[in-house]
Amino acid sequence: MTPNMGNIDRIARVVVALVIAVLIVTNVLSGVLAWIGGILAVVFLATSAIGFCPLYLPFRIRTR
């Protein structure tokens with residue numbers, strides 16, 4: 001697993017995940033949207049932590 005995400009991409013994903021978390025905590029997102037947003041936020045945080053996005057592979061995208 002070769003890292004394929006650059007620092008800007010990783011930071012942007014963390015920021016988006018934090019925004020989603022704030023929207024869920026403040027009840028702006030609720031119900032099914034909150035679940036979907038929460039899952040998306042966890043995926044964003046995980047891919048940012050490891051620096052690898054599996055969805056980039058088929059499209060041969062590298063931001064690193």
# chains A, B, ... in the order shown; residues from 1 in each chain; ligands from 1
call {"tool": "residues_around", "arguments": {"residues": "Arg13 in chain A", "least_positions_apart": "6", "cutoff": "9 Å", "atoms": "only C-alpha atoms", "output": "list in words"}}
result
Ala41, Phe44, Leu45, Thr47 and Ser48 of chain A
call {"tool": "write_last_selection", "arguments": {"atoms": "N, CA and C atoms", "output": "PDB file, in the first residue's frame"}}
result
ATOM      1  N   ALA A  41     -17.400  10.576   7.500  1.00  0.00           N
ATOM      2  CA  ALA A  41     -16.387  11.250   8.317  1.00  0.00           C
ATOM      3  C   ALA A  41     -15.350  10.255   8.831  1.00  0.00           C
ATOM      4  N   PHE A  44     -13.114   9.323   5.941  1.00  0.00           N
ATOM      5  CA  PHE A  44     -12.190  10.423   5.657  1.00  0.00           C
ATOM      6  C   PHE A  44     -11.053  10.462   6.674  1.00  0.00           C
ATOM      7  N   LEU A  45     -11.374  10.290   7.952  1.00  0.00           N
ATOM      8  CA  LEU A  45     -10.330  10.304   8.981  1.00  0.00           C
ATOM      9  C   LEU A  45      -9.380   9.127   8.825  1.00  0.00           C
ATOM     10  N   THR A  47      -8.665   7.362   6.017  1.00  0.00           N
ATOM     11  CA  THR A  47      -7.817   7.509   4.837  1.00  0.00           C
ATOM     12  C   THR A  47      -6.785   8.610   5.040  1.00  0.00           C
ATOM     13  N   SER A  48      -7.149   9.644   5.791  1.00  0.00           N
ATOM     14  CA  SER A  48      -6.180  10.708   6.086  1.00  0.00           C
ATOM     15  C   SER A  48      -5.071  10.194   6.986  1.00  0.00           C
TER      16      SER A  48
END
call {"tool": "residues_around", "arguments": {"residues": "Arg62 in chain A", "least_positions_apart": "6", "cutoff": "9 Å", "atoms": "only C-alpha atoms", "output": "number ranges by chain"}}
result
A: 3-6, 56
call {"tool": "closest_residue", "arguments": {"among": "A:Val43, A:Ala49, A:Ala12, A:Gly38", "to": "Ile24 in chain A", "atoms": "only C-alpha atoms"}}
result
A:Gly38
call {"tool": "closest_residue", "arguments": {"among": "A:Gly51, A:Val42, A:Leu23, A:Ser30", "to": "Ile11 in chain A", "atoms": "only C-alpha atoms"}}
result
A:Gly51
call {"tool": "atom_distance", "arguments": {"atom1": "CA of Leu18 in chain A", "atom2": "CA of Phe59 in chain A"}}
result
26.7 Å
call {"tool": "atom_distance", "arguments": {"atom1": "CA of Ala34 in chain A", "atom2": "CA of Ile20 in chain A"}}
result
8.5 Å
call {"tool": "decode", "arguments": {"residues": "chain A", "atoms": "C-alpha atoms", "output": "PDB file, in the first residue's frame"}}
result
ATOM      1  CA  MET A   1       0.000   0.000   0.000  1.00  0.00           C
ATOM      2  CA  THR A   2       1.898   2.992  -1.286  1.00  0.00           C
ATOM      3  CA  PRO A   3       0.615   6.332   0.021  1.00  0.00           C
ATOM      4  CA  ASN A   4      -1.215   8.245  -2.700  1.00  0.00           C
ATOM      5  CA  MET A   5      -2.515  11.277  -0.784  1.00  0.00           C
ATOM      6  CA  GLY A   6      -0.697  14.564  -0.351  1.00  0.00           C
ATOM      7  CA  ASN A   7      -0.757  16.778   2.728  1.00  0.00           C
ATOM      8  CA  ILE A   8      -3.341  19.210   1.342  1.00  0.00           C
ATOM      9  CA  ASP A   9      -5.682  16.329   0.478  1.00  0.00           C
ATOM     10  CA  ARG A  10      -5.253  14.817   3.940  1.00  0.00           C
ATOM     11  CA  ILE A  11      -5.862  18.143   5.715  1.00  0.00           C
ATOM     12  CA  ALA A  12      -8.947  18.834   3.592  1.00  0.00           C
ATOM     13  CA  ARG A  13     -10.402  15.440   4.518  1.00  0.00           C
ATOM     14  CA  VAL A  14      -9.829  16.049   8.230  1.00  0.00           C
ATOM     15  CA  VAL A  15     -11.503  19.467   7.989  1.00  0.00           C
ATOM     16  CA  VAL A  16     -14.515  17.998   6.152  1.00  0.00           C
ATOM     17  CA  ALA A  17     -14.774  15.216   8.748  1.00  0.00           C
ATOM     18  CA  LEU A  18     -14.720  17.763  11.580  1.00  0.00           C
ATOM     19  CA  VAL A  19     -17.405  19.877   9.878  1.00  0.00           C
ATOM     20  CA  ILE A  20     -19.608  16.796   9.494  1.00  0.00           C
ATOM     21  CA  ALA A  21     -19.036  15.917  13.165  1.00  0.00           C
ATOM     22  CA  VAL A  22     -20.047  19.422  14.262  1.00  0.00           C
ATOM     23  CA  LEU A  23     -23.178  19.250  12.096  1.00  0.00           C
ATOM     24  CA  ILE A  24     -24.142  15.956  13.712  1.00  0.00           C
ATOM     25  CA  VAL A  25     -23.468  17.156  17.273  1.00  0.00           C
ATOM     26  CA  THR A  26     -25.504  20.337  16.724  1.00  0.00           C
ATOM     27  CA  ASN A  27     -28.381  18.281  15.249  1.00  0.00           C
ATOM     28  CA  VAL A  28     -28.205  19.999  11.875  1.00  0.00           C
ATOM     29  CA  LEU A  29     -27.797  16.513  10.430  1.00  0.00           C
ATOM     30  CA  SER A  30     -30.044  13.877  11.940  1.00  0.00           C
ATOM     31  CA  GLY A  31     -31.481  10.487  11.144  1.00  0.00           C
ATOM     32  CA  VAL A  32     -30.201   8.696   8.061  1.00  0.00           C
ATOM     33  CA  LEU A  33     -28.184  11.731   6.909  1.00  0.00           C
ATOM     34  CA  ALA A  34     -26.351  11.753  10.228  1.00  0.00           C
ATOM     35  CA  TRP A  35     -25.474   8.067   9.861  1.00  0.00           C
ATOM     36  CA  ILE A  36     -24.265   8.518   6.297  1.00  0.00           C
ATOM     37  CA  GLY A  37     -22.300  11.628   7.252  1.00  0.00           C
ATOM     38  CA  GLY A  38     -20.805   9.871  10.272  1.00  0.00           C
ATOM     39  CA  ILE A  39     -19.646   6.929   8.190  1.00  0.00           C
ATOM     40  CA  LEU A  40     -18.202   9.298   5.596  1.00  0.00           C
ATOM     41  CA  ALA A  41     -16.387  11.250   8.317  1.00  0.00           C
ATOM     42  CA  VAL A  42     -14.862   8.063   9.743  1.00  0.00           C
ATOM     43  CA  VAL A  43     -13.702   6.986   6.277  1.00  0.00           C
ATOM     44  CA  PHE A  44     -12.190  10.423   5.657  1.00  0.00           C
ATOM     45  CA  LEU A  45     -10.330  10.304   8.981  1.00  0.00           C
ATOM     46  CA  ALA A  46      -9.069   6.772   8.350  1.00  0.00           C
ATOM     47  CA  THR A  47      -7.817   7.509   4.837  1.00  0.00           C
ATOM     48  CA  SER A  48      -6.180  10.708   6.086  1.00  0.00           C
ATOM     49  CA  ALA A  49      -4.416   8.851   8.879  1.00  0.00           C
ATOM     50  CA  ILE A  50      -2.927   6.198   6.584  1.00  0.00           C
ATOM     51  CA  GLY A  51      -2.411   8.478   3.574  1.00  0.00           C
ATOM     52  CA  PHE A  52      -3.985   6.012   1.173  1.00  0.00           C
ATOM     53  CA  CYS A  53      -7.314   6.265  -0.671  1.00  0.00           C
ATOM     54  CA  PRO A  54      -8.446   3.031  -2.382  1.00  0.00           C
ATOM     55  CA  LEU A  55     -10.792   4.965  -4.692  1.00  0.00           C
ATOM     56  CA  TYR A  56      -7.798   6.703  -6.245  1.00  0.00           C
ATOM     57  CA  LEU A  57      -6.346   3.425  -7.556  1.00  0.00           C
ATOM     58  CA  PRO A  58      -8.724   2.694 -10.497  1.00  0.00           C
ATOM     59  CA  PHE A  59      -8.433   6.289 -11.695  1.00  0.00           C
ATOM     60  CA  ARG A  60      -4.652   6.411 -11.116  1.00  0.00           C
ATOM     61  CA  ILE A  61      -4.962   9.607  -9.080  1.00  0.00           C
ATOM     62  CA  ARG A  62      -2.041  10.632  -6.893  1.00  0.00           C
ATOM     63  CA  THR A  63      -2.065  13.866  -4.940  1.00  0.00           C
ATOM     64  CA  ARG A  64       1.212  13.112  -3.234  1.00  0.00           C
TER      65      ARG A  64
END
